file structure25.tsv (TSV, C-alpha atoms)
chain	number	residue	atom	x	y	z
A	24	MET	CA	174.03	-77.50	-172.24
A	25	ALA	CA	171.01	-75.35	-173.04
A	26	PHE	CA	168.80	-78.40	-172.66
A	27	ILE	CA	170.22	-79.11	-169.19
A	28	TYR	CA	169.56	-75.57	-168.04
A	29	SER	CA	166.02	-75.73	-169.37
A	30	ILE	CA	165.38	-78.76	-167.17
A	31	LYS	CA	166.72	-76.86	-164.15
A	32	ASP	CA	164.58	-73.86	-164.93
A	33	THR	CA	161.51	-76.05	-165.37
A	34	TYR	CA	162.09	-77.77	-162.01
A	35	ARG	CA	162.58	-74.45	-160.23
A	36	ALA	CA	159.50	-72.96	-161.88
A	37	ALA	CA	157.41	-75.96	-160.90
A	38	VAL	CA	158.45	-75.73	-157.23
A	39	GLU	CA	157.84	-71.99	-157.14
A	40	ALA	CA	154.44	-72.33	-158.82
A	41	ALA	CA	153.36	-75.11	-156.43
A	42	THR	CA	154.26	-73.02	-153.37
A	43	GLY	CA	153.30	-69.57	-154.57
A	44	GLY	CA	156.95	-68.56	-154.57
A	45	LYS	CA	157.51	-69.52	-150.95
A	46	ASN	CA	159.95	-72.27	-152.00
A	47	THR	CA	162.55	-72.32	-154.72
A	48	VAL	CA	165.31	-74.57	-156.04
A	49	ILE	CA	168.90	-73.35	-155.81
A	50	TYR	CA	171.71	-75.22	-157.54
A	51	ASP	CA	175.25	-75.44	-156.20
A	52	ASP	CA	178.36	-74.99	-158.32
A	53	LYS	CA	178.14	-78.61	-159.46
A	54	GLY	CA	174.59	-78.09	-160.67
A	55	ASN	CA	172.94	-80.14	-157.92
A	56	PRO	CA	169.62	-78.92	-156.48
A	57	SER	CA	168.43	-78.06	-152.99
A	58	ILE	CA	164.90	-77.05	-152.09
A	59	MET	CA	164.97	-73.80	-150.13
A	60	VAL	CA	162.39	-71.69	-148.30
A	61	VAL	CA	162.46	-67.99	-149.15
A	62	ILE	CA	162.44	-65.73	-146.08
A	63	PRO	CA	161.89	-62.07	-147.08
A	64	LYS	CA	163.67	-59.36	-145.13
A	65	PHE	CA	161.92	-58.12	-142.01
A	66	TYR	CA	162.58	-55.64	-139.20
A	67	LEU	CA	163.11	-56.20	-135.48
A	68	ASP	CA	159.90	-54.41	-134.49
A	69	GLU	CA	157.95	-56.87	-136.65
A	70	VAL	CA	158.96	-59.76	-134.39
A	71	ILE	CA	159.89	-58.11	-131.07
A	72	THR	CA	157.45	-55.73	-129.40
A	73	GLY	CA	159.17	-52.47	-128.53
A	74	ALA	CA	162.25	-53.13	-130.68
A	75	PRO	CA	163.63	-50.46	-132.99
A	76	HIS	CA	162.69	-50.38	-136.67
A	77	THR	CA	165.98	-51.83	-137.83
A	78	VAL	CA	166.63	-54.78	-140.12
A	79	HIS	CA	167.10	-58.11	-138.36
A	80	PRO	CA	170.83	-58.97	-138.46
A	81	ALA	CA	170.13	-62.17	-140.41
A	82	PHE	CA	169.54	-59.96	-143.46
A	83	ILE	CA	172.83	-58.03	-143.26
A	84	VAL	CA	175.92	-59.60	-144.83
A	85	ASN	CA	179.20	-57.69	-144.99
A	86	GLY	CA	177.30	-54.44	-144.34
A	87	VAL	CA	174.82	-54.99	-147.17
A	88	GLU	CA	171.10	-55.50	-146.58
A	89	LYS	CA	169.66	-58.54	-148.33
A	90	SER	CA	166.09	-58.68	-149.61
A	91	ALA	CA	165.80	-62.33	-148.57
A	92	ILE	CA	167.64	-65.30	-147.11
A	93	TYR	CA	167.12	-68.88	-148.26
A	94	ILE	CA	166.88	-71.60	-145.62
A	95	GLY	CA	167.09	-75.31	-146.34
A	96	LYS	CA	163.54	-76.64	-146.27
A	97	TYR	CA	164.94	-79.87	-144.89
A	98	GLN	CA	167.71	-80.88	-142.53
A	99	ALA	CA	170.82	-81.64	-144.53
A	100	CYS	CA	171.84	-84.91	-146.08
A	101	VAL	CA	175.40	-85.26	-147.39
A	102	THR	CA	176.57	-86.58	-150.76
A	103	ASP	CA	180.17	-86.33	-151.99
A	104	GLY	CA	181.09	-83.99	-149.16
A	105	ARG	CA	178.28	-81.52	-149.88
A	106	ALA	CA	175.09	-80.68	-148.02
A	107	TYR	CA	171.69	-80.91	-149.73
A	108	SER	CA	168.14	-79.99	-148.75
A	109	LEU	CA	165.97	-82.77	-150.13
A	110	PRO	CA	162.79	-84.54	-148.95
A	111	GLY	CA	162.56	-88.11	-147.74
A	112	GLN	CA	166.20	-88.44	-146.67
A	113	ASP	CA	167.83	-89.67	-143.49
A	114	PRO	CA	169.26	-86.43	-142.08
A	115	ALA	CA	173.02	-86.43	-141.68
A	116	ALA	CA	174.21	-87.36	-138.20
A	117	TYR	CA	177.59	-88.01	-136.56
A	118	VAL	CA	178.70	-84.62	-137.93
A	119	ASN	CA	181.06	-82.35	-136.01
A	120	PHE	CA	180.97	-78.57	-136.29
A	121	ASP	CA	183.84	-78.13	-138.73
A	122	GLN	CA	182.46	-80.87	-140.98
A	123	ALA	CA	179.06	-79.17	-141.05
A	124	LEU	CA	180.74	-75.89	-142.04
A	125	SER	CA	182.77	-77.51	-144.79
A	126	TYR	CA	179.85	-79.48	-146.26
A	127	CYS	CA	178.02	-76.17	-146.77
A	128	TYR	CA	180.90	-73.95	-147.90
A	129	ALA	CA	181.93	-76.68	-150.40
A	130	LYS	CA	178.80	-75.90	-152.42
A	131	GLY	CA	180.15	-72.53	-153.58
A	132	GLN	CA	179.40	-68.83	-153.23
A	133	GLY	CA	176.40	-67.98	-151.05
A	134	TRP	CA	176.14	-71.39	-149.37
A	135	HIS	CA	176.78	-71.69	-145.65
A	136	LEU	CA	175.86	-73.53	-142.48
A	137	MET	CA	172.63	-71.99	-141.17
A	138	SER	CA	173.73	-69.26	-138.79
A	139	ASN	CA	172.47	-68.52	-135.32
A	140	ALA	CA	171.25	-65.15	-136.64
A	141	GLU	CA	169.13	-66.93	-139.27
A	142	TRP	CA	167.83	-69.47	-136.77
A	143	ALA	CA	166.90	-66.65	-134.39
A	144	ALA	CA	165.04	-64.78	-137.13
A	145	ILE	CA	162.91	-67.85	-137.84
A	146	ALA	CA	162.28	-68.62	-134.17
A	147	LEU	CA	161.21	-65.04	-133.45
A	148	TRP	CA	158.93	-65.05	-136.50
A	149	CYS	CA	157.32	-68.29	-135.29
A	150	LYS	CA	156.68	-66.89	-131.83
A	151	LYS	CA	155.27	-63.59	-133.10
A	152	ASN	CA	152.93	-65.39	-135.51
A	153	ASN	CA	151.83	-68.11	-133.06
A	154	LYS	CA	153.36	-70.81	-135.27
A	155	MET	CA	155.67	-72.62	-132.86
A	156	PRO	CA	156.32	-75.90	-134.72
A	157	ARG	CA	155.93	-79.38	-133.34
A	158	GLY	CA	158.19	-82.18	-134.51
A	159	ASN	CA	159.96	-85.48	-133.92
A	160	ASN	CA	161.04	-85.09	-130.32
A	161	TYR	CA	159.81	-88.45	-128.99
A	162	ALA	CA	161.30	-91.26	-131.12
A	163	GLY	CA	159.32	-90.64	-134.30
A	164	CYS	CA	156.44	-88.51	-133.02
A	165	ASP	CA	155.73	-85.33	-131.10
A	166	VAL	CA	155.48	-85.83	-127.36
A	167	ASP	CA	152.47	-83.50	-127.13
A	168	ALA	CA	150.71	-84.93	-130.19
A	169	GLN	CA	151.82	-88.54	-130.44
A	170	TYR	CA	149.46	-89.21	-133.33
A	171	GLU	CA	151.73	-86.97	-135.43
A	172	LYS	CA	154.48	-89.13	-136.85
A	173	GLY	CA	157.14	-89.08	-139.52
A	174	VAL	CA	158.57	-91.94	-141.56
A	175	GLU	CA	161.13	-93.59	-139.30
A	176	LYS	CA	164.65	-94.31	-140.54
A	177	TYR	CA	166.66	-97.41	-139.64
A	178	ASP	CA	170.23	-98.63	-139.56
A	179	TRP	CA	172.04	-101.85	-138.74
A	180	ILE	CA	174.08	-100.70	-135.78
A	181	LEU	CA	172.56	-98.10	-133.50
A	182	THR	CA	170.58	-99.03	-130.43
A	183	TYR	CA	169.51	-96.72	-127.64
A	184	ASN	CA	167.43	-96.82	-124.51
A	185	TRP	CA	165.79	-93.74	-123.05
A	186	ASN	CA	162.57	-92.83	-121.27
A	187	GLY	CA	161.75	-96.53	-121.02
A	188	LYS	CA	161.86	-96.88	-124.80
A	189	SER	CA	164.39	-99.33	-126.16
A	190	THR	CA	164.97	-100.26	-129.75
A	191	LYS	CA	164.36	-103.73	-131.01
A	192	GLN	CA	165.76	-105.46	-134.02
A	193	ASP	CA	162.94	-106.09	-136.45
A	194	ALA	CA	162.45	-109.08	-138.72
A	195	ALA	CA	164.63	-107.52	-141.41
A	196	GLY	CA	167.51	-106.99	-139.00
A	197	TYR	CA	167.19	-103.21	-138.73
A	198	HIS	CA	167.46	-101.08	-135.63
A	199	HIS	CA	165.47	-97.93	-135.04
A	200	THR	CA	167.45	-94.69	-135.12
A	201	GLY	CA	164.77	-92.41	-133.70
A	202	ARG	CA	165.22	-90.12	-136.71
A	203	VAL	CA	162.55	-89.67	-139.36
A	204	ALA	CA	162.88	-88.91	-143.06
A	205	THR	CA	163.27	-85.21	-143.82
A	206	GLY	CA	159.92	-83.49	-144.31
A	207	SER	CA	157.95	-86.67	-143.66
A	208	GLY	CA	155.98	-85.25	-140.75
A	209	PRO	CA	152.72	-83.29	-140.98
A	210	ALA	CA	152.51	-79.59	-141.83
A	211	SER	CA	152.45	-78.75	-138.11
A	212	TRP	CA	156.14	-79.75	-138.12
A	213	SER	CA	157.00	-76.81	-140.38
A	214	HIS	CA	157.81	-73.29	-139.23
A	215	ASP	CA	154.63	-71.72	-140.66
A	216	GLY	CA	152.27	-74.65	-140.20
A	217	THR	CA	151.98	-75.30	-143.94
A	218	SER	CA	153.63	-77.70	-146.36
A	219	ASP	CA	155.54	-74.72	-147.76
A	220	GLY	CA	157.48	-74.11	-144.55
A	221	ILE	CA	160.83	-75.12	-143.06
A	222	TYR	CA	160.58	-78.62	-141.60
A	223	ASP	CA	162.03	-80.19	-138.44
A	224	LEU	CA	163.13	-77.12	-136.48
A	225	ASN	CA	161.73	-78.99	-133.47
A	226	GLY	CA	163.57	-82.25	-132.92
A	227	ASN	CA	164.73	-85.01	-135.25
A	228	VAL	CA	168.43	-84.04	-134.94
A	229	TRP	CA	170.11	-81.16	-133.18
A	230	GLU	CA	171.45	-78.64	-135.69
A	231	TRP	CA	174.85	-76.98	-135.54
A	232	ASN	CA	174.62	-73.22	-136.06
A	233	SER	CA	177.41	-70.95	-137.26
A	234	GLY	CA	178.36	-67.43	-136.16
A	235	MET	CA	178.02	-67.87	-132.38
A	236	ARG	CA	179.85	-69.57	-129.52
A	237	LEU	CA	180.77	-69.47	-125.84
A	238	LYS	CA	184.44	-69.05	-124.97
A	239	ASN	CA	185.05	-69.69	-121.26
A	240	GLY	CA	181.49	-68.49	-120.70
A	241	GLU	CA	181.81	-65.30	-122.76
A	242	ILE	CA	179.14	-64.92	-125.46
A	243	GLN	CA	180.81	-64.32	-128.80
A	244	ILE	CA	179.35	-63.79	-132.27
A	245	ILE	CA	180.44	-63.12	-135.81
A	246	PRO	CA	178.60	-59.81	-136.50
A	247	ASP	CA	175.30	-59.63	-138.39
A	248	ASN	CA	175.10	-62.59	-140.79
A	249	ASN	CA	178.75	-62.49	-141.80
A	250	ALA	CA	178.98	-66.18	-141.02
A	251	ALA	CA	177.29	-66.56	-144.43
A	252	ILE	CA	180.37	-65.23	-146.23
A	253	LEU	CA	182.12	-68.06	-148.08
A	254	ASN	CA	184.77	-69.74	-145.90
A	255	SER	CA	184.18	-67.33	-143.03
A	256	ASP	CA	186.81	-68.15	-140.39
A	257	HIS	CA	185.15	-69.94	-137.47
A	258	SER	CA	188.38	-71.29	-135.99
A	259	ASP	CA	189.02	-71.01	-132.28
A	260	ALA	CA	191.56	-68.22	-132.83
A	261	SER	CA	189.60	-66.37	-135.53
A	262	THR	CA	189.69	-62.58	-135.30
A	263	LEU	CA	186.07	-62.45	-136.52
A	264	TRP	CA	184.71	-63.34	-133.08
A	265	LYS	CA	183.32	-60.38	-131.13
A	266	ALA	CA	182.00	-60.14	-127.60
A	267	ILE	CA	178.92	-58.15	-126.52
A	268	LEU	CA	179.32	-55.25	-124.11
A	269	ALA	CA	176.72	-55.44	-121.36
A	270	ALA	CA	176.39	-51.68	-121.09
A	271	ASP	CA	174.99	-51.02	-124.56
A	272	GLY	CA	175.17	-54.18	-126.67
A	273	SER	CA	178.07	-52.92	-128.77
A	274	LEU	CA	180.55	-55.43	-130.17
A	275	VAL	CA	184.05	-55.41	-128.74
A	276	ALA	CA	187.17	-57.56	-128.67
A	277	PRO	CA	186.83	-60.83	-126.76
A	278	GLY	CA	188.09	-60.53	-123.21
A	279	THR	CA	187.08	-56.88	-122.83
A	280	ALA	CA	185.84	-56.11	-119.32
A	281	GLY	CA	182.08	-55.98	-118.88
A	282	THR	CA	181.02	-58.30	-121.69
A	283	LEU	CA	178.05	-60.64	-121.45
A	284	LYS	CA	178.65	-64.13	-120.15
A	285	PHE	CA	176.95	-67.27	-118.91
A	286	ASP	CA	177.88	-67.69	-115.26
A	287	TYR	CA	176.77	-69.99	-112.46
A	288	THR	CA	175.23	-68.39	-109.39
A	289	SER	CA	176.90	-70.97	-107.14
A	290	SER	CA	179.18	-73.96	-107.52
A	291	PRO	CA	178.47	-75.68	-110.89
A	292	THR	CA	176.29	-78.73	-110.48
A	293	ALA	CA	175.25	-81.14	-113.20
A	294	GLY	CA	171.77	-80.60	-114.59
A	295	THR	CA	170.75	-77.70	-112.37
A	296	GLY	CA	169.56	-74.28	-113.44
A	297	ASN	CA	171.86	-72.25	-111.21
A	298	PHE	CA	173.17	-69.99	-113.96
A	299	GLN	CA	172.35	-66.58	-115.40
A	300	ILE	CA	173.57	-63.92	-117.80
A	301	SER	CA	176.27	-61.84	-116.13
A	302	ASP	CA	179.06	-59.40	-116.97
A	303	THR	CA	181.62	-61.33	-114.93
A	304	ILE	CA	182.56	-64.97	-114.31
A	305	THR	CA	182.49	-65.84	-110.63
A	306	ASN	CA	181.79	-69.58	-110.85
A	307	ALA	CA	183.68	-71.14	-113.72
A	308	GLN	CA	183.44	-74.89	-113.93
A	309	PRO	CA	186.82	-76.63	-113.75
A	310	ASP	CA	185.94	-79.53	-116.05
A	311	ASP	CA	183.03	-81.13	-117.96
A	312	THR	CA	181.47	-83.03	-115.06
A	313	ALA	CA	178.91	-80.25	-114.56
A	314	TYR	CA	176.49	-78.64	-116.99
A	315	GLY	CA	173.71	-76.12	-116.52
A	316	TYR	CA	170.15	-76.80	-117.64
A	317	LYS	CA	166.94	-74.81	-117.45
A	318	THR	CA	164.15	-73.84	-119.80
A	319	PHE	CA	165.11	-71.02	-122.16
A	320	GLU	CA	162.24	-68.84	-120.97
A	321	THR	CA	163.50	-68.92	-117.35
A	322	LEU	CA	166.94	-67.53	-118.19
A	323	ALA	CA	167.48	-64.35	-116.18
A	324	ALA	CA	170.12	-61.66	-115.81
A	325	LYS	CA	172.27	-60.81	-112.83
A	326	SER	CA	170.62	-58.26	-110.57
A	327	GLY	CA	171.05	-54.75	-111.95
A	328	LEU	CA	172.02	-55.91	-115.42
A	329	THR	CA	169.90	-54.77	-118.39
A	330	ILE	CA	169.99	-57.15	-121.35
A	331	PRO	CA	170.64	-55.34	-124.65
A	332	MET	CA	168.38	-55.87	-127.66
A	333	ILE	CA	171.02	-57.76	-129.63
A	334	MET	CA	170.71	-60.69	-127.22
A	335	LYS	CA	166.97	-60.94	-127.86
A	336	SER	CA	167.31	-60.47	-131.60
A	337	LEU	CA	169.72	-63.43	-131.69
A	338	ALA	CA	167.45	-65.59	-129.51
A	339	LEU	CA	170.11	-65.78	-126.82
A	340	TYR	CA	167.77	-64.31	-124.21
A	341	PRO	CA	164.00	-64.75	-123.89
A	342	LEU	CA	161.51	-62.07	-124.85
A	343	ASP	CA	159.15	-63.22	-122.12
A	344	ALA	CA	158.15	-66.25	-120.07
A	345	SER	CA	156.43	-68.02	-122.97
A	346	CYS	CA	158.93	-69.75	-125.24
A	347	GLY	CA	157.39	-73.23	-125.34
A	348	GLY	CA	159.34	-74.69	-122.45
A	349	ASP	CA	162.29	-75.27	-124.79
A	350	GLY	CA	165.53	-76.28	-123.13
A	351	LEU	CA	168.81	-74.42	-122.56
A	352	TRP	CA	172.04	-76.23	-121.74
A	353	MET	CA	175.46	-74.69	-121.14
A	354	ARG	CA	179.01	-75.15	-119.88
A	355	ASN	CA	181.19	-72.11	-119.17
A	356	ASN	CA	184.59	-73.68	-119.63
A	357	GLY	CA	186.45	-73.83	-122.94
A	358	GLU	CA	184.90	-73.31	-126.37
A	359	ARG	CA	181.26	-74.36	-126.90
A	360	LEU	CA	179.49	-74.23	-130.27
A	361	PRO	CA	175.68	-74.07	-130.52
A	362	PHE	CA	173.17	-76.77	-131.32
A	363	ARG	CA	169.59	-75.61	-131.85
A	364	GLY	CA	166.18	-77.25	-132.06
A	365	GLY	CA	166.58	-80.48	-130.10
A	366	SER	CA	166.57	-84.09	-131.22
A	367	PHE	CA	164.23	-87.08	-131.27
A	368	ASN	CA	164.89	-87.79	-127.57
A	369	ASN	CA	164.42	-84.34	-126.01
A	370	SER	CA	160.63	-84.47	-125.66
A	371	GLY	CA	159.17	-81.14	-124.54
A	372	ALA	CA	162.63	-79.55	-124.20
A	373	ALA	CA	163.00	-79.56	-128.01
A	374	GLY	CA	161.70	-76.64	-130.03
A	375	ALA	CA	162.51	-73.51	-131.98
A	376	PHE	CA	164.14	-71.81	-128.97
A	377	ALA	CA	166.03	-74.89	-127.73
A	378	LEU	CA	169.71	-74.03	-127.39
A	379	ASN	CA	172.57	-76.32	-126.39
A	380	LEU	CA	175.86	-74.64	-125.50
A	381	SER	CA	177.51	-77.57	-123.76
A	382	PHE	CA	179.48	-79.30	-126.53
A	383	THR	CA	182.85	-78.68	-128.18
A	384	ARG	CA	183.31	-78.34	-131.96
A	385	SER	CA	184.62	-81.91	-132.19
A	386	HIS	CA	181.43	-83.45	-130.82
A	387	SER	CA	179.79	-86.03	-133.07
A	388	ASN	CA	176.84	-88.25	-132.23
A	389	PHE	CA	173.75	-89.90	-133.64
A	390	PHE	CA	171.54	-87.02	-132.51
A	391	ASN	CA	173.36	-84.07	-134.10
A	392	GLY	CA	173.18	-82.82	-137.70
A	393	PHE	CA	172.82	-79.48	-139.46
A	394	ARG	CA	171.03	-77.45	-142.16
A	395	ALA	CA	172.36	-75.52	-145.15
A	396	ALA	CA	171.34	-71.95	-146.02
A	397	TYR	CA	172.03	-69.58	-148.88
A	398	VAL	CA	172.24	-65.83	-149.44
A	399	LEU	CA	172.80	-63.98	-152.70
call {"tool": "encode", "arguments": {"input": "structure25.tsv", "output": "structure tokens"}}
result
Amino acid sequence: MAFIYSIKDTYRAAVEAATGGKNTVIYDDKGNPSIMVVIPKFYLDEVITGAPHTVHPAFIVNGVEKSAIYIGKYQACVTDGRAYSLPGQDPAAYVNFDQALSYCYAKGQGWHLMSNAEWAAIALWCKKNNKMPRGNNYAGCDVDAQYEKGVEKYDWILTYNWNGKSTKQDAAGYHHTGRVATGSGPASWSHDGTSDGIYDLNGNVWEWNSGMRLKNGEIQIIPDNNAAILNSDHSDASTLWKAILAADGSLVAPGTAGTLKFDYTSSPTAGTGNFQISDTITNAQPDDTAYGYKTFETLAAKSGLTIPMIMKSLALYPLDASCGGDGLWMRNNGERLPFRGGSFNNSGAAGAFALNLSFTRSHSNFFNGFRAAYVL
């Protein structure tokens, strides 16, 4: 047993030495490794101009400030019902929300599905430091730098046709998936522009996030980073969900009058940007035939409504009109769980601020996956 632990310690030490401590190896309760990026605690005013000097909510779990969070360096692959962050893998796809949660919580104490609070912290850091990552958002390359490519993955079944690109069976009988191997792109595909960063936050596969949802248009969150608590209840009827009061950003019971919501400004129409942040619902869509779409940076508030800081700190509302042109999708009927980042077929709409709030928790497709995170 001592010999086994010495191997683990040696591997961890080697990764930390090679990255100057920016990466580490964390083992789950079965002793299996994941490569994680260390994100030290920071304050809101370090990433949002004019924000108060308070700790970003990603670093607060159950009322306790954490010195760091650990984000999977790579999009998750799944082995024996557990999520792992490893290079050179085909990222997991065809994963619904509850599966993504369970694959992470199954790893033991501290492990969880990357939360919206954690994703927001990284996205805000990228914007503040002019490090908005590129990635696989155009079938193996970046639409704005098509010479940047990852190592494409294949399967025997999937075919797709989009943007005039159709897959073709090659001589070996494989079909293109559009996905690339985790971490196989250039350093510009990482969150800090170096090989030590978090890879594939722009494209490859959409990533489920925990701790946030829409419920009939109402924005609801699990406070701070409490979604990181082992087996945190994310069920539809969970009492952990809180709504955000428009008046001051305080958290209140869902359904309280005056909470923040996504609402259409006129009759819901598929693919149009006629929606805003409001404190009432006046145009609820009756079914799933419609969906709202606009760029994240063009999201606005109802006239006379002031957006509280919590919305910006959770990357649910833009800081300004420069967020990379990343896309925002939504439906304001039923329960909708968040995807972030975009996939290999979203082109310029993919990116660190891309947010999709149009799918139910049961959704599963070839373009959606997830990422594991850890907190001590």
call {"tool": "atom_distance", "arguments": {"input": "structure25.tsv", "atom1": "CA of Thr279 in chain A", "atom2": "CA of Ile244 in chain A"}}
result
14.0 Å
call {"tool": "closest_residue", "arguments": {"input": "structure25.tsv", "among": "A:Tyr66, A:Tyr314, A:Tyr340, A:Tyr50", "to": "Gly133 in chain A", "atoms": "all atoms listed in the file"}}
result
A:Tyr50
call {"tool": "residues_around", "arguments": {"input": "structure25.tsv", "residues": "Ser385 in chain A", "least_positions_apart": "4", "cutoff": "10 Å", "atoms": "all atoms listed in the file", "output": "MDAnalysis selection string"}}
result
chainID A and resid 118:122 359:360
call {"tool": "atom_distance", "arguments": {"input": "structure25.tsv", "atom1": "CA of Thr295 in chain A", "atom2": "CA of Lys317 in chain A"}}
result
7.0 Å
call {"tool": "closest_residue", "arguments": {"input": "structure25.tsv", "among": "A:Met235, A:Ala81, A:Leu263, A:Cys149", "to": "Leu339 in chain A", "atoms": "all atoms listed in the file"}}
result
A:Met235
call {"tool": "closest_residue", "arguments": {"input": "structure25.tsv", "among": "A:Ile94, A:Ala210, A:Ala293, A:Ala129", "to": "Gln308 in chain A", "atoms": "only C-alpha atoms"}}
result
A:Ala293
call {"tool": "closest_residue", "arguments": {"input": "structure25.tsv", "among": "A:Leu124, A:Met334, A:Ala40, A:Ala91", "to": "Arg105 in chain A", "atoms": "all atoms listed in the file"}}
result
A:Leu124
call {"tool": "atom_distance", "arguments": {"input": "structure25.tsv", "atom1": "CA of Pro114 in chain A", "atom2": "CA of Met137 in chain A"}}
result
14.9 Å
call {"tool": "residues_around", "arguments": {"input": "structure25.tsv", "residues": "Thr303 in chain A", "least_positions_apart": "5", "cutoff": "12 Å", "atoms": "all atoms listed in the file", "output": "PyMOL selection string"}}
result
chain A and resi 239-242+268-269+278-288+324-325+328+355
call {"tool": "residues_near_point", "arguments": {"input": "structure25.tsv", "point": "(168.2, -57.6, -133.3)", "cutoff": "12 Å", "atoms": "all atoms listed in the file", "output": "number ranges by chain"}}
result
A: 65-83, 139-141, 143-144, 147, 246-248, 272-273, 331-340, 342
call {"tool": "decode", "arguments": {"input": "structure25.tsv", "residues": "range 233-239 of chain A", "atoms": "all heavy atoms", "output": "compact mmCIF listing (two decimals), in the first residue's frame"}}
result
# COMPACT_ATOMS: atom_id res chain seq x y z
N SER A 233 -24.12 22.84 -12.96
CA SER A 233 -25.01 22.65 -11.81
C SER A 233 -25.30 23.99 -11.13
O SER A 233 -24.68 25.01 -11.42
CB SER A 233 -24.38 21.68 -10.81
OG SER A 233 -23.18 22.20 -10.27
N GLY A 234 -26.28 23.97 -10.21
CA GLY A 234 -26.52 25.13 -9.35
C GLY A 234 -27.28 26.28 -9.96
O GLY A 234 -27.37 27.35 -9.35
N MET A 235 -27.89 26.09 -11.16
CA MET A 235 -28.66 27.17 -11.78
C MET A 235 -29.71 26.55 -12.70
O MET A 235 -29.50 25.48 -13.26
CB MET A 235 -27.72 28.08 -12.58
CG MET A 235 -28.36 29.32 -13.21
SD MET A 235 -28.89 29.02 -14.91
CE MET A 235 -30.11 30.33 -15.10
N ARG A 236 -30.82 27.23 -12.84
CA ARG A 236 -31.85 26.79 -13.79
C ARG A 236 -32.85 27.91 -14.06
O ARG A 236 -32.85 28.94 -13.35
CB ARG A 236 -32.61 25.58 -13.23
CG ARG A 236 -33.52 25.89 -12.04
CD ARG A 236 -34.37 24.71 -11.66
NE ARG A 236 -35.27 25.00 -10.53
CZ ARG A 236 -36.19 24.17 -10.08
NH1 ARG A 236 -36.32 22.96 -10.63
NH2 ARG A 236 -36.97 24.51 -9.06
N LEU A 237 -33.69 27.72 -15.06
CA LEU A 237 -34.90 28.50 -15.25
C LEU A 237 -36.08 27.62 -14.88
O LEU A 237 -36.10 26.43 -15.21
CB LEU A 237 -35.08 28.95 -16.70
CG LEU A 237 -34.14 29.98 -17.29
CD1 LEU A 237 -34.63 30.40 -18.68
CD2 LEU A 237 -33.99 31.19 -16.40
N LYS A 238 -37.06 28.18 -14.19
CA LYS A 238 -38.30 27.48 -13.89
C LYS A 238 -39.44 28.39 -14.31
O LYS A 238 -39.71 29.41 -13.68
CB LYS A 238 -38.37 27.16 -12.39
CG LYS A 238 -39.62 26.40 -12.00
CD LYS A 238 -39.66 24.99 -12.58
CE LYS A 238 -40.86 24.23 -12.00
NZ LYS A 238 -40.92 22.86 -12.53
N ASN A 239 -40.08 28.03 -15.45
CA ASN A 239 -41.11 28.88 -16.03
C ASN A 239 -40.61 30.31 -16.20
O ASN A 239 -41.34 31.28 -15.94
CB ASN A 239 -42.39 28.83 -15.19
CG ASN A 239 -43.02 27.45 -15.19
OD1 ASN A 239 -43.03 26.76 -16.22
ND2 ASN A 239 -43.51 27.02 -14.05
